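Below is the file my_file-v2.pdb, which contains PDB, C-alpha atoms.
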```
MODEL        1
ATOM      1  CA  MET A 108    -208.707  21.936 112.248
ATOM      2  CA  ASP A 109    -205.718  23.008 110.216
ATOM      3  CA  VAL A 110    -202.068  22.926 111.229
ATOM      4  CA  TYR A 111    -200.376  26.291 111.653
ATOM      5  CA  GLU A 112    -196.734  27.205 112.151
ATOM      6  CA  VAL A 113    -195.833  30.176 114.307
ATOM      7  CA  GLU A 114    -192.749  31.698 115.851
ATOM      8  CA  LEU A 115    -193.019  33.815 118.976
ATOM      9  CA  ARG A 116    -190.274  35.846 120.643
ATOM     10  CA  PHE A 117    -190.250  36.914 124.249
ATOM     11  CA  SER A 118    -188.092  37.712 127.237
ATOM     12  CA  VAL A 119    -188.718  35.515 130.267
ATOM     13  CA  GLY A 120    -188.232  38.486 132.594
ATOM     14  CA  GLU A 121    -186.238  36.428 135.076
ATOM     15  CA  PRO A 122    -182.525  37.118 134.504
ATOM     16  CA  ALA A 123    -181.427  34.466 137.018
ATOM     17  CA  LEU A 124    -182.814  31.609 134.891
ATOM     18  CA  SER A 125    -180.277  29.689 132.829
ATOM     19  CA  MET A 126    -181.000  28.502 129.294
ATOM     20  CA  ASP A 127    -181.327  24.949 130.625
ATOM     21  CA  GLU A 128    -183.847  26.046 133.250
ATOM     22  CA  ILE A 129    -185.876  27.877 130.608
ATOM     23  CA  ASP A 130    -185.782  24.826 128.330
ATOM     24  CA  ASP A 131    -186.827  22.547 131.202
ATOM     25  CA  LYS A 132    -189.793  24.755 132.091
ATOM     26  CA  LEU A 133    -190.919  24.860 128.470
ATOM     27  CA  TYR A 134    -190.544  21.095 128.031
ATOM     28  CA  GLU A 135    -192.413  20.323 131.240
ATOM     29  CA  SER A 136    -195.242  22.625 130.131
ATOM     30  CA  GLY A 137    -195.856  20.862 126.826
ATOM     31  CA  PHE A 138    -193.430  22.568 124.469
ATOM     32  CA  GLY A 139    -191.266  19.486 123.910
ATOM     33  CA  ASP A 140    -192.124  19.601 120.210
ATOM     34  CA  ALA A 141    -191.124  23.258 119.782
ATOM     35  CA  LEU A 142    -187.848  24.536 118.400
ATOM     36  CA  VAL A 143    -186.417  26.819 121.055
ATOM     37  CA  GLY A 144    -183.753  29.429 120.424
ATOM     38  CA  HIS A 145    -181.972  31.660 122.900
ATOM     39  CA  GLY A 146    -180.842  35.184 122.203
ATOM     40  CA  GLY A 147    -179.133  35.808 125.514
ATOM     41  CA  LYS A 148    -180.326  37.673 128.598
ATOM     42  CA  GLY A 149    -183.491  35.585 128.838
ATOM     43  CA  ARG A 150    -184.613  36.194 125.263
ATOM     44  CA  VAL A 151    -186.303  33.191 123.714
ATOM     45  CA  SER A 152    -187.907  32.298 120.414
ATOM     46  CA  ILE A 153    -190.268  29.375 120.053
ATOM     47  CA  ALA A 154    -191.211  27.913 116.684
ATOM     48  CA  LEU A 155    -193.998  25.381 116.710
ATOM     49  CA  SER A 156    -196.473  23.657 114.460
ATOM     50  CA  ARG A 157    -199.850  22.734 115.935
ATOM     51  CA  GLN A 158    -203.465  22.196 115.096
ATOM     52  CA  ALA A 159    -205.767  25.117 115.808
ATOM     53  CA  ALA A 160    -208.910  26.742 114.493
ATOM     54  CA  SER A 161    -206.792  29.653 113.241
ATOM     55  CA  GLU A 162    -203.265  30.998 113.374
ATOM     56  CA  GLN A 163    -204.400  33.752 115.736
ATOM     57  CA  GLU A 164    -205.914  31.182 118.087
ATOM     58  CA  LEU A 165    -202.610  29.301 118.182
ATOM     59  CA  ILE A 166    -200.732  32.524 118.927
ATOM     60  CA  ASP A 167    -203.188  33.550 121.648
ATOM     61  CA  ASN A 168    -203.186  30.121 123.304
ATOM     62  CA  THR A 169    -199.398  29.940 123.213
ATOM     63  CA  ARG A 170    -199.089  33.403 124.771
ATOM     64  CA  VAL A 171    -201.419  32.354 127.611
ATOM     65  CA  LEU A 172    -199.305  29.264 128.288
ATOM     66  CA  ILE A 173    -196.055  31.243 128.205
ATOM     67  CA  ALA A 174    -197.510  33.783 130.655
ATOM     68  CA  LYS A 175    -198.320  30.930 133.057
ATOM     69  CA  ILE A 176    -194.798  29.527 132.791
ATOM     70  CA  PHE A 177    -193.035  32.901 132.937
ATOM     71  CA  PRO A 178    -195.328  35.438 134.666
ATOM     72  CA  GLN A 179    -192.860  38.275 134.037
ATOM     73  CA  ALA A 180    -192.511  37.549 130.299
ATOM     74  CA  THR A 181    -192.634  40.398 127.809
ATOM     75  CA  TRP A 182    -193.178  39.975 124.092
ATOM     76  CA  LEU A 183    -190.525  41.098 121.628
TER      77      LEU A 183
ENDMDL
END
```

Here is a file; write its structure as structure tokens.
Amino acid sequence: MDVYEVELRFSVGEPALSMDEIDDKLYESGFGDALVGHGGKGRVSIALSRQAASEQELIDNTRVLIAKIFPQATWL
């Protein structure tokens, strides 16, 4: 498998969550190695580098994980 780098942007869809709460949820769900940025109002960008069969597989798998962490997430 090759290593791919991707950056995904999304809104968590839960305005009551603080940046720290968002970071904690991501860390606890296996994104401790990701660079996380906040754009305000629940907007988040995640940059990560991981092994995968393809870049699209990494994107798809990451989106599935994010949807489990933040069920109301929308992609930007």

Ground truth for the PyMOL selection byres ((chain A and resi 123-125) around 12), written as a count of residues only: 20

Matched chain/residue IDs from the PyMOL selection byres ((chain A and resi 152) around 6), as a list in words: Leu115, Arg116, Val143, Gly144, Val151 and Ile153 of chain A

Minimum-distance residue to Leu133 in chain A, chosen among A:Leu183, A:Leu155, A:Ile176, A:Ile166 (using all atoms listed in the file):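 Ranking A:Leu183, A:Leu155, A:Ile176, A:Ile166 by distance to Leu133 in chain A, first place goes to A:Ile176.
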
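Across the model, the gap from CA of Val113 in chain A to CA of Ser156 in chain A is 6.6 Å.
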
Ala141 in chain A surroundings by all atoms listed in the file, 6 Å radius, close-in-sequence under 2 positions cut, as number ranges by chain: A: 138-139, 154-155

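As for CA of Arg157 in chain A and CA of Glu112 in chain A, they are spaced 6.6 Å apart.
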
Å distance separating CA of Met108 in chain A from CA of Asn168 in chain A, one decimal place: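 Those two atoms sit 14.8 Å apart.
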
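Between Gln179 in chain A and the candidates A:Ala160, A:Gly137, A:Phe117, A:Tyr111, the tightest atom-to-atom separation, counting all atoms listed in the file, involves A:Phe117.
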